[in-house]
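Okay, coords-v5.txt now, which holds compact mmCIF, C-alpha atoms and all ligand atoms:
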# COMPACT_ATOMS: atom_id res chain seq x y z
CA MET A 75 -28.62 3.22 -11.19
CA ARG A 76 -27.81 4.92 -14.52
CA VAL A 77 -24.29 4.32 -15.77
CA LEU A 78 -22.39 6.08 -18.58
CA VAL A 79 -19.35 4.32 -20.05
CA ILE A 80 -16.81 6.28 -22.10
CA GLY A 81 -14.93 4.54 -24.93
CA SER A 82 -15.52 2.36 -27.96
CA GLY A 83 -13.51 -0.86 -27.73
CA GLY A 84 -13.86 -4.48 -26.68
CA ARG A 85 -13.12 -3.44 -23.12
CA GLU A 86 -16.09 -1.06 -23.18
CA HIS A 87 -18.33 -3.76 -24.68
CA ALA A 88 -17.31 -6.08 -21.81
CA LEU A 89 -17.89 -3.31 -19.24
CA CYS A 90 -21.32 -2.43 -20.65
CA ARG A 91 -22.33 -6.11 -20.78
CA SER A 92 -21.39 -6.68 -17.14
CA LEU A 93 -22.96 -3.41 -16.01
CA ALA A 94 -26.21 -4.29 -17.82
CA ALA A 95 -26.27 -7.59 -15.93
CA ASP A 96 -26.07 -5.85 -12.53
CA PRO A 97 -29.60 -5.89 -11.01
CA GLN A 98 -28.96 -2.42 -9.54
CA VAL A 99 -28.53 -0.94 -13.04
CA THR A 100 -31.55 0.47 -14.85
CA GLU A 101 -29.80 2.12 -17.83
CA VAL A 102 -26.43 1.68 -19.52
CA HIS A 103 -25.22 4.43 -21.86
CA CYS A 104 -22.00 4.53 -23.85
CA ALA A 105 -20.16 7.26 -25.76
CA PRO A 106 -19.25 6.72 -28.48
CA GLY A 107 -19.48 2.87 -28.36
CA ASN A 108 -19.55 0.56 -31.38
CA ALA A 109 -21.95 -1.74 -33.24
CA GLY A 110 -21.70 -4.42 -30.54
CA VAL A 111 -22.06 -2.09 -27.57
CA ALA A 112 -25.33 -0.93 -29.15
CA GLN A 113 -26.82 -4.33 -28.22
CA VAL A 114 -26.43 -3.63 -24.48
CA ALA A 115 -26.27 0.17 -24.16
CA THR A 116 -27.70 3.37 -25.64
CA LEU A 117 -25.02 5.05 -27.76
CA HIS A 118 -24.24 8.78 -27.81
CA PRO A 119 -22.04 10.41 -30.46
CA VAL A 120 -19.87 12.32 -28.00
CA VAL A 121 -16.10 12.69 -28.34
CA ALA A 122 -14.57 10.66 -25.49
CA THR A 123 -11.68 13.05 -24.91
CA ASP A 124 -13.82 16.20 -24.57
CA PRO A 125 -14.24 16.89 -20.82
CA ALA A 126 -17.03 19.46 -21.27
CA ALA A 127 -19.01 17.27 -23.70
CA VAL A 128 -18.77 14.16 -21.49
CA THR A 129 -19.76 16.15 -18.38
CA ARG A 130 -22.73 17.66 -20.24
CA LEU A 131 -23.88 14.20 -21.38
CA ALA A 132 -23.56 12.80 -17.84
CA GLY A 133 -25.74 15.68 -16.61
CA GLU A 134 -28.36 15.25 -19.34
CA LEU A 135 -28.63 11.53 -18.62
CA GLY A 136 -28.74 12.00 -14.86
CA ALA A 137 -25.88 9.49 -14.62
CA ASP A 138 -25.17 8.07 -11.16
CA LEU A 139 -21.78 6.78 -12.27
CA VAL A 140 -19.41 7.52 -15.15
CA VAL A 141 -16.89 4.80 -16.06
CA ILE A 142 -14.00 5.89 -18.26
CA GLY A 143 -12.50 3.10 -20.38
CA PRO A 144 -9.47 4.32 -22.37
CA GLU A 145 -6.40 6.29 -21.31
CA ALA A 146 -6.79 9.26 -23.67
CA PRO A 147 -9.86 10.76 -21.89
CA LEU A 148 -8.19 10.21 -18.51
CA VAL A 149 -5.03 12.01 -19.57
CA ALA A 150 -7.25 14.76 -21.05
CA GLY A 151 -8.86 15.35 -17.64
CA VAL A 152 -12.33 13.93 -18.33
CA ALA A 153 -12.53 12.27 -14.88
CA ASP A 154 -11.60 15.58 -13.19
CA ALA A 155 -14.34 17.44 -15.06
CA VAL A 156 -17.01 14.81 -14.31
CA ARG A 157 -16.11 14.76 -10.61
CA ARG A 158 -16.08 18.58 -10.45
CA ALA A 159 -19.67 18.45 -11.71
CA GLY A 160 -20.55 16.25 -8.72
CA VAL A 161 -20.99 12.96 -10.60
CA PRO A 162 -19.20 9.89 -9.18
CA CYS A 163 -16.53 8.83 -11.66
CA PHE A 164 -14.51 5.63 -12.01
CA GLY A 165 -11.17 6.73 -13.44
CA PRO A 166 -8.12 8.60 -12.17
CA SER A 167 -7.50 12.34 -12.41
CA ALA A 168 -5.24 13.59 -15.22
CA GLU A 169 -2.49 14.02 -12.65
CA ALA A 170 -2.79 10.42 -11.36
CA ALA A 171 -3.21 9.04 -14.92
CA ARG A 172 0.34 10.22 -15.64
CA ILE A 173 1.27 6.85 -14.17
CA GLU A 174 0.39 5.62 -17.69
CA GLY A 175 0.80 8.87 -19.64
CA SER A 176 4.46 9.35 -18.75
CA LYS A 177 6.84 6.40 -18.42
CA SER A 178 9.40 8.59 -16.62
CA PHE A 179 6.77 9.73 -14.09
CA ALA A 180 5.79 6.08 -13.49
CA LYS A 181 9.45 5.18 -12.91
CA GLU A 182 9.87 8.07 -10.51
CA VAL A 183 6.79 6.98 -8.49
CA MET A 184 8.04 3.38 -8.43
CA THR A 185 11.48 4.46 -7.22
CA SER A 186 9.99 6.61 -4.43
CA ALA A 187 7.62 3.81 -3.40
CA GLY A 188 10.29 1.08 -3.56
CA VAL A 189 8.36 -0.93 -6.17
CA PRO A 190 10.28 -3.73 -7.96
CA THR A 191 10.79 -2.76 -11.62
CA ALA A 192 13.47 -2.71 -14.33
CA ARG A 193 16.40 -0.34 -13.75
CA SER A 194 16.06 2.55 -16.19
CA ARG A 195 17.33 5.88 -17.47
CA THR A 196 15.33 8.74 -18.97
CA CYS A 197 17.18 10.00 -22.07
CA VAL A 198 16.77 13.00 -24.35
CA THR A 199 19.96 13.17 -26.44
CA PRO A 200 21.39 10.42 -28.70
CA GLU A 201 24.48 10.39 -26.46
CA GLU A 202 22.39 9.68 -23.36
CA THR A 203 20.49 6.94 -25.18
CA ALA A 204 23.71 5.34 -26.46
CA ALA A 205 25.17 5.35 -22.94
CA ALA A 206 22.00 3.76 -21.47
CA LEU A 207 21.96 1.04 -24.18
CA GLU A 208 25.56 0.31 -23.30
CA GLU A 209 24.76 0.19 -19.56
CA PHE A 210 21.82 -2.26 -19.78
CA GLY A 211 22.96 -4.34 -22.79
CA THR A 212 20.81 -6.53 -25.07
CA PRO A 213 17.95 -7.05 -25.62
CA TYR A 214 17.55 -3.27 -25.71
CA VAL A 215 14.26 -1.85 -24.37
CA VAL A 216 13.43 1.70 -25.52
CA LYS A 217 10.11 3.32 -24.56
CA ASP A 218 8.53 6.54 -25.76
CA ASP A 219 8.01 8.66 -22.64
CA GLY A 220 4.48 9.70 -23.71
CA LEU A 221 1.27 7.88 -24.69
CA ALA A 222 1.78 5.94 -27.90
CA ALA A 223 -1.28 3.65 -28.14
CA GLY A 224 0.74 0.47 -27.70
CA LYS A 225 3.31 1.43 -30.34
CA GLY A 226 5.81 3.19 -28.11
CA VAL A 227 7.99 0.28 -27.02
CA VAL A 228 10.78 -1.30 -29.04
CA VAL A 229 12.55 -4.42 -27.77
CA THR A 230 15.45 -5.31 -30.07
CA ASP A 231 18.99 -6.65 -30.29
CA ASP A 232 19.70 -4.15 -33.08
CA ARG A 233 21.47 -1.08 -31.65
CA GLN A 234 20.70 1.03 -34.75
CA GLU A 235 16.98 0.22 -34.48
CA ALA A 236 17.01 1.15 -30.78
CA LEU A 237 18.73 4.48 -31.55
CA ARG A 238 16.35 5.19 -34.46
CA HIS A 239 13.28 4.60 -32.25
CA ALA A 240 14.71 6.92 -29.60
CA ALA A 241 15.31 9.61 -32.22
CA THR A 242 11.69 9.47 -33.47
CA CYS A 243 10.32 9.69 -29.89
CA GLY A 244 12.39 12.54 -28.53
CA ARG A 245 12.28 11.69 -24.83
CA VAL A 246 12.60 7.99 -23.99
CA VAL A 247 13.02 5.63 -21.08
CA VAL A 248 15.74 3.03 -21.73
CA GLU A 249 15.59 0.08 -19.37
CA GLU A 250 16.88 -3.30 -18.45
CA PHE A 251 15.20 -6.29 -20.17
CA LEU A 252 12.99 -8.32 -17.84
CA ASP A 253 12.90 -12.03 -18.56
CA GLY A 254 9.91 -14.19 -17.63
CA PRO A 255 6.22 -14.71 -18.38
CA GLU A 256 4.02 -11.61 -18.36
CA VAL A 257 0.92 -11.23 -16.19
CA SER A 258 -1.71 -8.48 -16.05
CA LEU A 259 -3.14 -7.68 -12.63
CA PHE A 260 -5.93 -5.13 -12.19
CA ALA A 261 -6.35 -3.46 -8.80
CA LEU A 262 -9.51 -1.48 -8.14
CA CYS A 263 -8.74 1.64 -6.10
CA ASP A 264 -10.80 4.26 -4.28
CA GLY A 265 -7.96 6.65 -3.48
CA SER A 266 -6.78 4.83 -0.37
CA THR A 267 -7.98 1.19 -0.53
CA ALA A 268 -7.11 -1.29 -3.30
CA VAL A 269 -8.75 -4.63 -4.15
CA PRO A 270 -7.22 -6.99 -6.73
CA LEU A 271 -9.10 -8.77 -9.51
CA GLN A 272 -8.06 -12.22 -10.74
CA PRO A 273 -4.80 -12.12 -12.77
CA ALA A 274 -4.90 -12.69 -16.54
CA GLN A 275 -2.37 -13.16 -19.30
CA ASP A 276 -2.35 -11.24 -22.57
CA HIS A 277 -0.53 -12.11 -25.80
CA LYS A 278 0.99 -8.89 -27.15
CA ARG A 279 2.73 -9.99 -30.34
CA ALA A 280 0.78 -10.18 -33.58
CA TYR A 281 1.62 -13.76 -34.61
CA ASP A 282 1.81 -17.26 -33.16
CA GLY A 283 4.83 -18.12 -31.06
CA ASP A 284 5.10 -14.52 -29.82
CA LEU A 285 6.51 -13.44 -33.18
CA GLY A 286 5.90 -10.25 -35.14
CA PRO A 287 5.21 -6.71 -34.06
CA ASN A 288 3.71 -5.60 -30.75
CA THR A 289 -0.06 -5.02 -30.70
CA GLY A 290 -2.61 -3.85 -28.16
CA GLY A 291 -3.16 -7.53 -27.35
CA MET A 292 -4.27 -10.50 -29.48
CA GLY A 293 -5.94 -12.66 -26.84
CA ALA A 294 -6.10 -13.34 -23.12
CA TYR A 295 -7.19 -15.87 -20.53
CA THR A 296 -7.88 -16.28 -16.84
CA PRO A 297 -7.21 -17.89 -14.39
CA LEU A 298 -3.50 -18.71 -14.72
CA PRO A 299 -3.10 -22.30 -13.48
CA TRP A 300 0.70 -22.07 -13.67
CA ALA A 301 1.12 -18.85 -11.66
CA PRO A 302 2.55 -18.96 -8.12
CA ALA A 303 -0.21 -19.18 -5.49
CA ASP A 304 1.05 -16.07 -3.67
CA LEU A 305 1.31 -13.92 -6.82
CA THR A 306 -1.62 -11.58 -6.15
CA GLY A 307 -0.80 -11.13 -2.47
CA ARG A 308 2.83 -10.41 -3.25
CA VAL A 309 2.06 -7.87 -5.97
CA MET A 310 -0.49 -6.14 -3.74
CA ALA A 311 2.05 -5.87 -0.90
CA GLU A 312 5.13 -4.98 -2.99
CA THR A 313 3.58 -2.87 -5.74
CA VAL A 314 -0.07 -1.85 -5.55
CA ILE A 315 -0.35 -0.70 -1.94
CA PRO A 316 2.97 1.23 -1.97
CA THR A 317 1.96 2.92 -5.25
CA VAL A 318 -1.53 3.86 -4.04
CA ASN A 319 0.00 5.22 -0.80
CA GLU A 320 2.67 7.13 -2.72
CA LEU A 321 0.10 8.81 -4.98
CA ALA A 322 -2.18 9.63 -2.04
CA GLY A 323 0.80 11.11 -0.18
CA ARG A 324 1.53 13.35 -3.16
CA GLY A 325 -1.99 14.75 -3.03
CA THR A 326 -3.04 12.90 -6.21
CA PRO A 327 -5.06 9.94 -4.87
CA TYR A 328 -5.71 7.17 -7.37
CA THR A 329 -9.35 6.34 -8.14
CA GLY A 330 -10.09 3.71 -10.76
CA VAL A 331 -8.21 0.64 -11.92
CA LEU A 332 -4.46 0.41 -11.62
CA PHE A 333 -3.34 -2.03 -14.30
CA VAL A 334 -0.04 -3.62 -13.33
CA GLY A 335 1.84 -5.25 -16.22
CA LEU A 336 4.32 -7.65 -14.66
CA ALA A 337 7.19 -9.89 -15.69
CA LEU A 338 7.59 -12.89 -13.39
CA THR A 339 11.40 -12.87 -13.24
CA SER A 340 13.63 -15.30 -11.37
CA SER A 341 13.90 -12.65 -8.64
CA GLY A 342 10.14 -12.15 -8.32
CA PRO A 343 7.40 -10.14 -10.07
CA LYS A 344 8.63 -6.84 -11.49
CA VAL A 345 6.58 -4.04 -13.04
CA ILE A 346 6.91 -3.66 -16.83
CA GLU A 347 4.35 -0.87 -16.96
CA PHE A 348 1.42 0.72 -15.22
CA ASN A 349 -1.76 1.62 -17.06
CA ALA A 350 -4.50 3.86 -15.71
CA ARG A 351 -7.35 1.75 -17.15
CA PHE A 352 -8.55 -1.80 -17.68
CA GLY A 353 -6.50 -3.84 -20.17
CA ASP A 354 -7.98 -4.85 -23.48
CA PRO A 355 -8.50 -7.82 -24.07
CA GLU A 356 -7.78 -8.99 -20.48
CA THR A 357 -10.94 -7.23 -19.24
CA GLN A 358 -13.07 -9.41 -21.51
CA VAL A 359 -12.01 -12.55 -19.62
CA VAL A 360 -11.67 -11.13 -16.10
CA LEU A 361 -15.17 -9.61 -16.16
CA ASP A 362 -16.56 -12.83 -17.59
CA ARG A 363 -15.45 -14.63 -14.42
CA LEU A 364 -16.30 -11.88 -11.92
CA GLN A 365 -19.61 -12.65 -10.25
CA THR A 366 -19.79 -9.62 -7.95
CA PRO A 367 -22.18 -7.11 -9.55
CA LEU A 368 -19.94 -4.61 -11.33
CA ALA A 369 -21.79 -1.30 -10.95
CA GLY A 370 -21.84 -1.40 -7.16
CA LEU A 371 -18.16 -2.29 -7.11
CA LEU A 372 -17.08 0.53 -9.45
CA LEU A 373 -19.34 2.97 -7.58
CA ALA A 374 -17.59 2.03 -4.31
CA CYS A 375 -14.29 2.98 -5.97
CA ALA A 376 -15.74 6.27 -7.21
CA THR A 377 -17.16 7.19 -3.80
CA GLY A 378 -14.24 6.14 -1.58
CA THR A 379 -16.15 3.28 0.06
CA LEU A 380 -14.22 0.27 -1.23
CA GLY A 381 -12.88 -0.47 2.29
CA GLY A 382 -16.28 -1.74 3.45
CA PHE A 383 -17.20 -3.54 0.24
CA GLY A 384 -16.44 -7.14 1.26
CA PRO A 385 -14.79 -9.94 -0.71
CA LEU A 386 -15.34 -10.41 -4.46
CA SER A 387 -16.73 -13.62 -5.90
CA TYR A 388 -15.91 -15.42 -9.15
CA ARG A 389 -17.57 -18.03 -11.30
CA GLU A 390 -15.73 -21.34 -11.33
CA GLY A 391 -13.89 -22.32 -14.49
CA ALA A 392 -12.03 -20.28 -17.07
CA ALA A 393 -12.44 -17.77 -19.89
CA VAL A 394 -10.32 -17.37 -23.02
CA THR A 395 -10.66 -14.59 -25.56
CA VAL A 396 -9.23 -14.57 -29.09
CA VAL A 397 -8.98 -11.29 -31.02
CA VAL A 398 -9.91 -11.24 -34.70
CA ALA A 399 -7.88 -8.44 -36.31
CA ALA A 400 -8.33 -6.65 -39.61
CA GLU A 401 -6.03 -7.15 -42.59
CA ASN A 402 -2.70 -5.38 -42.04
CA TYR A 403 -3.16 -4.82 -38.28
CA PRO A 404 -1.10 -3.66 -36.34
CA GLY A 405 -0.19 -1.53 -39.36
CA GLU A 406 -2.87 0.78 -40.78
CA PRO A 407 -5.86 -1.63 -40.84
CA VAL A 408 -8.13 -2.23 -43.82
CA ARG A 409 -11.62 -1.01 -42.87
CA GLY A 410 -15.11 -1.45 -44.30
CA ASP A 411 -15.21 -5.24 -44.73
CA VAL A 412 -18.44 -6.99 -43.76
CA VAL A 413 -18.24 -9.20 -40.66
CA GLU A 414 -20.34 -12.35 -41.08
CA GLY A 415 -21.13 -15.42 -39.00
CA LEU A 416 -21.76 -13.58 -35.74
CA CYS A 417 -25.34 -14.87 -35.49
CA ASP A 418 -24.01 -18.45 -35.56
CA ILE A 419 -22.18 -17.83 -32.28
CA ALA A 420 -24.92 -18.01 -29.72
CA GLY A 421 -23.97 -21.09 -27.73
CA ASP A 422 -23.73 -21.30 -23.96
CA ASP A 423 -19.97 -21.42 -24.08
CA ALA A 424 -18.97 -18.56 -26.43
CA TYR A 425 -19.95 -15.01 -27.34
CA VAL A 426 -18.61 -12.06 -29.32
CA LEU A 427 -17.46 -8.69 -28.00
CA HIS A 428 -16.97 -5.95 -30.58
CA SER A 429 -13.91 -3.69 -30.73
CA GLY A 430 -13.59 -1.93 -34.07
CA THR A 431 -17.00 -2.34 -35.68
CA VAL A 432 -19.55 0.07 -37.14
CA PHE A 433 -22.97 -0.32 -38.71
CA ASP A 434 -23.27 0.12 -42.46
CA GLY A 435 -27.00 -0.16 -43.05
CA ASP A 436 -27.92 -3.63 -41.80
CA HIS A 437 -24.35 -4.89 -41.88
CA VAL A 438 -21.66 -4.87 -39.24
CA VAL A 439 -18.41 -3.80 -40.91
CA SER A 440 -14.84 -3.53 -39.67
CA GLY A 441 -13.82 -0.09 -38.49
CA GLY A 442 -10.55 -0.61 -36.64
CA GLY A 443 -7.49 -2.82 -36.20
CA ARG A 444 -8.84 -5.20 -33.60
CA VAL A 445 -12.32 -5.87 -34.95
CA LEU A 446 -13.77 -8.17 -32.31
CA SER A 447 -12.87 -10.74 -29.74
CA VAL A 448 -14.56 -14.06 -29.16
CA VAL A 449 -14.85 -15.18 -25.53
CA GLY A 450 -15.01 -18.91 -24.81
CA THR A 451 -15.80 -20.32 -21.39
CA GLY A 452 -15.53 -23.74 -19.79
CA PRO A 453 -14.66 -25.69 -16.66
CA ASP A 454 -10.93 -25.16 -17.29
CA VAL A 455 -8.64 -23.20 -19.62
CA ALA A 456 -8.43 -26.06 -22.15
CA ALA A 457 -12.21 -26.27 -22.47
CA ALA A 458 -12.62 -22.48 -22.64
CA ARG A 459 -9.92 -22.32 -25.30
CA ALA A 460 -11.62 -25.01 -27.39
CA ALA A 461 -14.94 -23.13 -27.11
CA ALA A 462 -13.31 -19.85 -28.17
CA TYR A 463 -11.62 -21.38 -31.22
CA ARG A 464 -14.78 -23.25 -32.30
CA ALA A 465 -16.57 -19.90 -32.36
CA VAL A 466 -13.69 -18.02 -34.05
CA GLY A 467 -13.97 -20.58 -36.85
CA ARG A 468 -17.48 -19.27 -37.60
CA VAL A 469 -16.44 -15.61 -37.98
CA ARG A 470 -15.99 -14.57 -41.60
CA LEU A 471 -14.06 -11.36 -42.28
CA ARG A 472 -12.08 -10.93 -45.48
CA GLY A 473 -8.34 -10.60 -44.86
CA SER A 474 -8.63 -11.03 -41.10
CA HIS A 475 -6.08 -12.78 -38.91
CA HIS A 476 -5.96 -14.20 -35.40
CA ARG A 477 -3.47 -16.12 -33.30
CA THR A 478 -4.01 -19.86 -32.96
CA ASP A 479 -1.97 -20.27 -29.76
CA ILE A 480 -3.86 -18.10 -27.26
CA ALA A 481 -3.89 -19.65 -23.77
CA GLY A 482 -1.67 -22.52 -24.94
CA ARG A 483 0.41 -22.26 -21.78
CA GLY A 484 -2.67 -22.07 -19.57
CA ALA A 485 -4.22 -25.13 -21.18
P1 LIG B 501 4.44 -1.68 -22.64
O1 LIG B 501 3.82 -0.76 -23.65
O2 LIG B 501 5.30 -0.99 -21.62
O3 LIG B 501 3.47 -2.69 -22.11
O4 LIG B 501 5.43 -2.60 -23.44
C1 LIG B 501 4.95 -3.43 -24.46
C2 LIG B 501 5.60 -4.78 -24.36
O5 LIG B 501 7.01 -4.65 -24.50
C3 LIG B 501 5.40 -5.47 -23.01
O6 LIG B 501 4.19 -6.15 -22.91
C4 LIG B 501 6.57 -6.40 -23.00
O7 LIG B 501 6.30 -7.55 -23.78
C5 LIG B 501 7.65 -5.62 -23.70
N1 LIG B 501 8.49 -4.96 -22.68
C6 LIG B 501 8.36 -3.70 -22.19
N2 LIG B 501 9.29 -3.44 -21.26
C7 LIG B 501 10.04 -4.55 -21.15
C8 LIG B 501 11.18 -4.91 -20.36
N3 LIG B 501 11.76 -4.06 -19.52
N4 LIG B 501 11.67 -6.15 -20.51
C9 LIG B 501 11.11 -7.02 -21.37
N5 LIG B 501 10.07 -6.75 -22.16
C10 LIG B 501 9.52 -5.52 -22.06
N1 LIG B 502 -3.73 -5.62 -23.33
C1 LIG B 502 -2.79 -4.68 -22.86
C2 LIG B 502 -3.30 -3.31 -22.77
O1 LIG B 502 -4.47 -3.08 -22.68
O2 LIG B 502 -2.47 -2.41 -22.77
Would you mind writing the file's structure down as structure tokens?
Ligand code: AMP
Ligand code: GLY
Amino acid sequence: MRVLVIGSGGREHALCRSLAADPQVTEVHCAPGNAGVAQVATLHPVVATDPAAVTRLAGELGADLVVIGPEAPLVAGVADAVRRAGVPCFGPSAEAARIEGSKSFAKEVMTSAGVPTARSRTCVTPEETAAALEEFGTPYVVKDDGLAAGKGVVVTDDRQEALRHAATCGRVVVEEFLDGPEVSLFALCDGSTAVPLQPAQDHKRAYDGDLGPNTGGMGAYTPLPWAPADLTGRVMAETVIPTVNELAGRGTPYTGVLFVGLALTSSGPKVIEFNARFGDPETQVVLDRLQTPLAGLLLACATGTLGGFGPLSYREGAAVTVVVAAENYPGEPVRGDVVEGLCDIAGDDAYVLHSGTVFDGDHVVSGGGRVLSVVGTGPDVAAARAAAYRAVGRVRLRGSHHRTDIAGRGA
């Protein structure tokens, strides 16, 4: 099987690595990829959000499966174009990807499907926003209605800051604050059937102790020893299956991964957000544990045959990933610094996945905010965490920063 992966982050490196390990796979291609992905896939300089260019590349390569990593190509209709050309594609249509692309659409779907989530109001004018802030109280949660690459949400006790954020966004969703630990659950979907992967936890804030600005995610781990035993079953029954049925009933069946971001509140798991793609960096740890060959599984989603696929299997033990970010991330990151020490991380219990890296001659240099993530593995979360941090200690990147408390709760 020939597989083409679209995207260039740590998630895509993890996807390509797992796909390359599937005995059914003969070739892994990635567009555009990064310096790390180049170790496991053939790179192609194609713009990920260009439906015609991606479809042409899939045709030229004779791809049997296209896997779309990030949200921007999905929202741009890349999956629709690839499917129209007759190539199986893992990733929702532009219409179904609105579940991530528009917060108000996601809320509307959740309301119709009876999915537990924060009460909310969609607001356009400052008066509407002020009234919604008043209604839900502090902490205020204000979300840009459109895609904002992880920068669209403000959670604050400062009313002026909440109003300012709303003014810069235009259309916002204001909602009730959900209290409780956050969990990421990925459900693989083929339009009608959904199969959950093992839950993971991300750490969204930039600094230790969940302080500082929101980021795309600074580290993750799986499994979650502290999570309720019925968590996955409950979220499948209350959230995933009703949502998949709702979208199918609307004539926009969901094919791909439905990423459910949850808060485990005192009244049960509630949806914070849906994403139309795998989470980054949660994917790095979930795929590390997944033993079921990935290409066959994603192809079953793309071809509507997930119902007969059979149960998934996992490696025992745990995985922890720690993101090494460039100077100034999540602000405009400093790029072009040489990354050193990667060759020293070749043990059995840790490895590096690249996110924002490029080649400069023989050197790997930073080319984005989250530069790489180190995955540590072990018999339990504490051991995996120790392995990850031992390896992070070997990475040398001028000005870089990482959190030192990833998976602390899990360990
Ligand atoms: P999102 O982009 O929707 O994932 O939001 C980013 C982060 O903001 C989430 O991971 C949460 O930490 C926080 N957040 C979003 N919505 C809420 C909410 N209703 N209550 C509490 N925290 C939230
Ligand atoms: N790690 C959270 C996300 O991918 O949005």
| stretch 429-437 of chain A environment, 12 Å, only C-alpha atoms, sequence neighbours closer than 6 positions dropped, as a VMD selection string | chain A and resid 81 to 88 106 to 113 117 290 to 292 354 to 355 358 396 to 400 403 407 to 417 443 to 448 471
Output file for the selection above: C-alpha atoms, as a PDB file, in the coordinates of the input:
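Writing the result to again-v5.pdb gives the following:
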ATOM      1  CA  GLY A  81     -14.930   4.540 -24.930  1.00  0.00           C
ATOM      2  CA  SER A  82     -15.520   2.360 -27.960  1.00  0.00           C
ATOM      3  CA  GLY A  83     -13.510  -0.860 -27.730  1.00  0.00           C
ATOM      4  CA  GLY A  84     -13.860  -4.480 -26.680  1.00  0.00           C
ATOM      5  CA  ARG A  85     -13.120  -3.440 -23.120  1.00  0.00           C
ATOM      6  CA  GLU A  86     -16.090  -1.060 -23.180  1.00  0.00           C
ATOM      7  CA  HIS A  87     -18.330  -3.760 -24.680  1.00  0.00           C
ATOM      8  CA  ALA A  88     -17.310  -6.080 -21.810  1.00  0.00           C
ATOM      9  CA  PRO A 106     -19.250   6.720 -28.480  1.00  0.00           C
ATOM     10  CA  GLY A 107     -19.480   2.870 -28.360  1.00  0.00           C
ATOM     11  CA  ASN A 108     -19.550   0.560 -31.380  1.00  0.00           C
ATOM     12  CA  ALA A 109     -21.950  -1.740 -33.240  1.00  0.00           C
ATOM     13  CA  GLY A 110     -21.700  -4.420 -30.540  1.00  0.00           C
ATOM     14  CA  VAL A 111     -22.060  -2.090 -27.570  1.00  0.00           C
ATOM     15  CA  ALA A 112     -25.330  -0.930 -29.150  1.00  0.00           C
ATOM     16  CA  GLN A 113     -26.820  -4.330 -28.220  1.00  0.00           C
ATOM     17  CA  LEU A 117     -25.020   5.050 -27.760  1.00  0.00           C
ATOM     18  CA  GLY A 290      -2.610  -3.850 -28.160  1.00  0.00           C
ATOM     19  CA  GLY A 291      -3.160  -7.530 -27.350  1.00  0.00           C
ATOM     20  CA  MET A 292      -4.270 -10.500 -29.480  1.00  0.00           C
ATOM     21  CA  ASP A 354      -7.980  -4.850 -23.480  1.00  0.00           C
ATOM     22  CA  PRO A 355      -8.500  -7.820 -24.070  1.00  0.00           C
ATOM     23  CA  GLN A 358     -13.070  -9.410 -21.510  1.00  0.00           C
ATOM     24  CA  VAL A 396      -9.230 -14.570 -29.090  1.00  0.00           C
ATOM     25  CA  VAL A 397      -8.980 -11.290 -31.020  1.00  0.00           C
ATOM     26  CA  VAL A 398      -9.910 -11.240 -34.700  1.00  0.00           C
ATOM     27  CA  ALA A 399      -7.880  -8.440 -36.310  1.00  0.00           C
ATOM     28  CA  ALA A 400      -8.330  -6.650 -39.610  1.00  0.00           C
ATOM     29  CA  TYR A 403      -3.160  -4.820 -38.280  1.00  0.00           C
ATOM     30  CA  PRO A 407      -5.860  -1.630 -40.840  1.00  0.00           C
ATOM     31  CA  VAL A 408      -8.130  -2.230 -43.820  1.00  0.00           C
ATOM     32  CA  ARG A 409     -11.620  -1.010 -42.870  1.00  0.00           C
ATOM     33  CA  GLY A 410     -15.110  -1.450 -44.300  1.00  0.00           C
ATOM     34  CA  ASP A 411     -15.210  -5.240 -44.730  1.00  0.00           C
ATOM     35  CA  VAL A 412     -18.440  -6.990 -43.760  1.00  0.00           C
ATOM     36  CA  VAL A 413     -18.240  -9.200 -40.660  1.00  0.00           C
ATOM     37  CA  GLU A 414     -20.340 -12.350 -41.080  1.00  0.00           C
ATOM     38  CA  GLY A 415     -21.130 -15.420 -39.000  1.00  0.00           C
ATOM     39  CA  LEU A 416     -21.760 -13.580 -35.740  1.00  0.00           C
ATOM     40  CA  CYS A 417     -25.340 -14.870 -35.490  1.00  0.00           C
ATOM     41  CA  GLY A 443      -7.490  -2.820 -36.200  1.00  0.00           C
ATOM     42  CA  ARG A 444      -8.840  -5.200 -33.600  1.00  0.00           C
ATOM     43  CA  VAL A 445     -12.320  -5.870 -34.950  1.00  0.00           C
ATOM     44  CA  LEU A 446     -13.770  -8.170 -32.310  1.00  0.00           C
ATOM     45  CA  SER A 447     -12.870 -10.740 -29.740  1.00  0.00           C
ATOM     46  CA  VAL A 448     -14.560 -14.060 -29.160  1.00  0.00           C
ATOM     47  CA  LEU A 471     -14.060 -11.360 -42.280  1.00  0.00           C
TER      48      LEU A 471
END
| note | Separating atom CA of A:Tyr281 from atom CA of A:Ile480, to the nearest tenth of an Å, is a gap of 10.1 Å
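Remark: residues at most 9 Å from position (-10.1, 0.9, -5.3) in file coordinates are Ala261, Leu262, Cys263, Asp264, Gly265, Ser266, Thr267, Ala268, Val269, Pro270, Tyr328, Thr329, Gly330, Val331, Leu332, Leu371, Leu372, Ala374, Cys375, Ala376, Gly378, Thr379, Leu380 and Gly381 of chain A, using all atoms listed in the file.
The set of protein, DNA and RNA residues with any counted atom at most 10 Å from (-21.3, -10.7, -9.0) (only C-alpha atoms) reads Ser92, Ala95, Asp96, Pro97, Leu361, Arg363, Leu364, Gln365, Thr366, Pro367, Leu368, Ala369, Gly370, Leu371, Leu386, Ser387, Tyr388 and Arg389 of chain A.
Closest approach to ligand LIG 502 (chain B) from the set A:Val120, A:Ala424, A:Ala294, A:Ile315 is made by A:Ala294, with distances taken over all atoms listed in the file.
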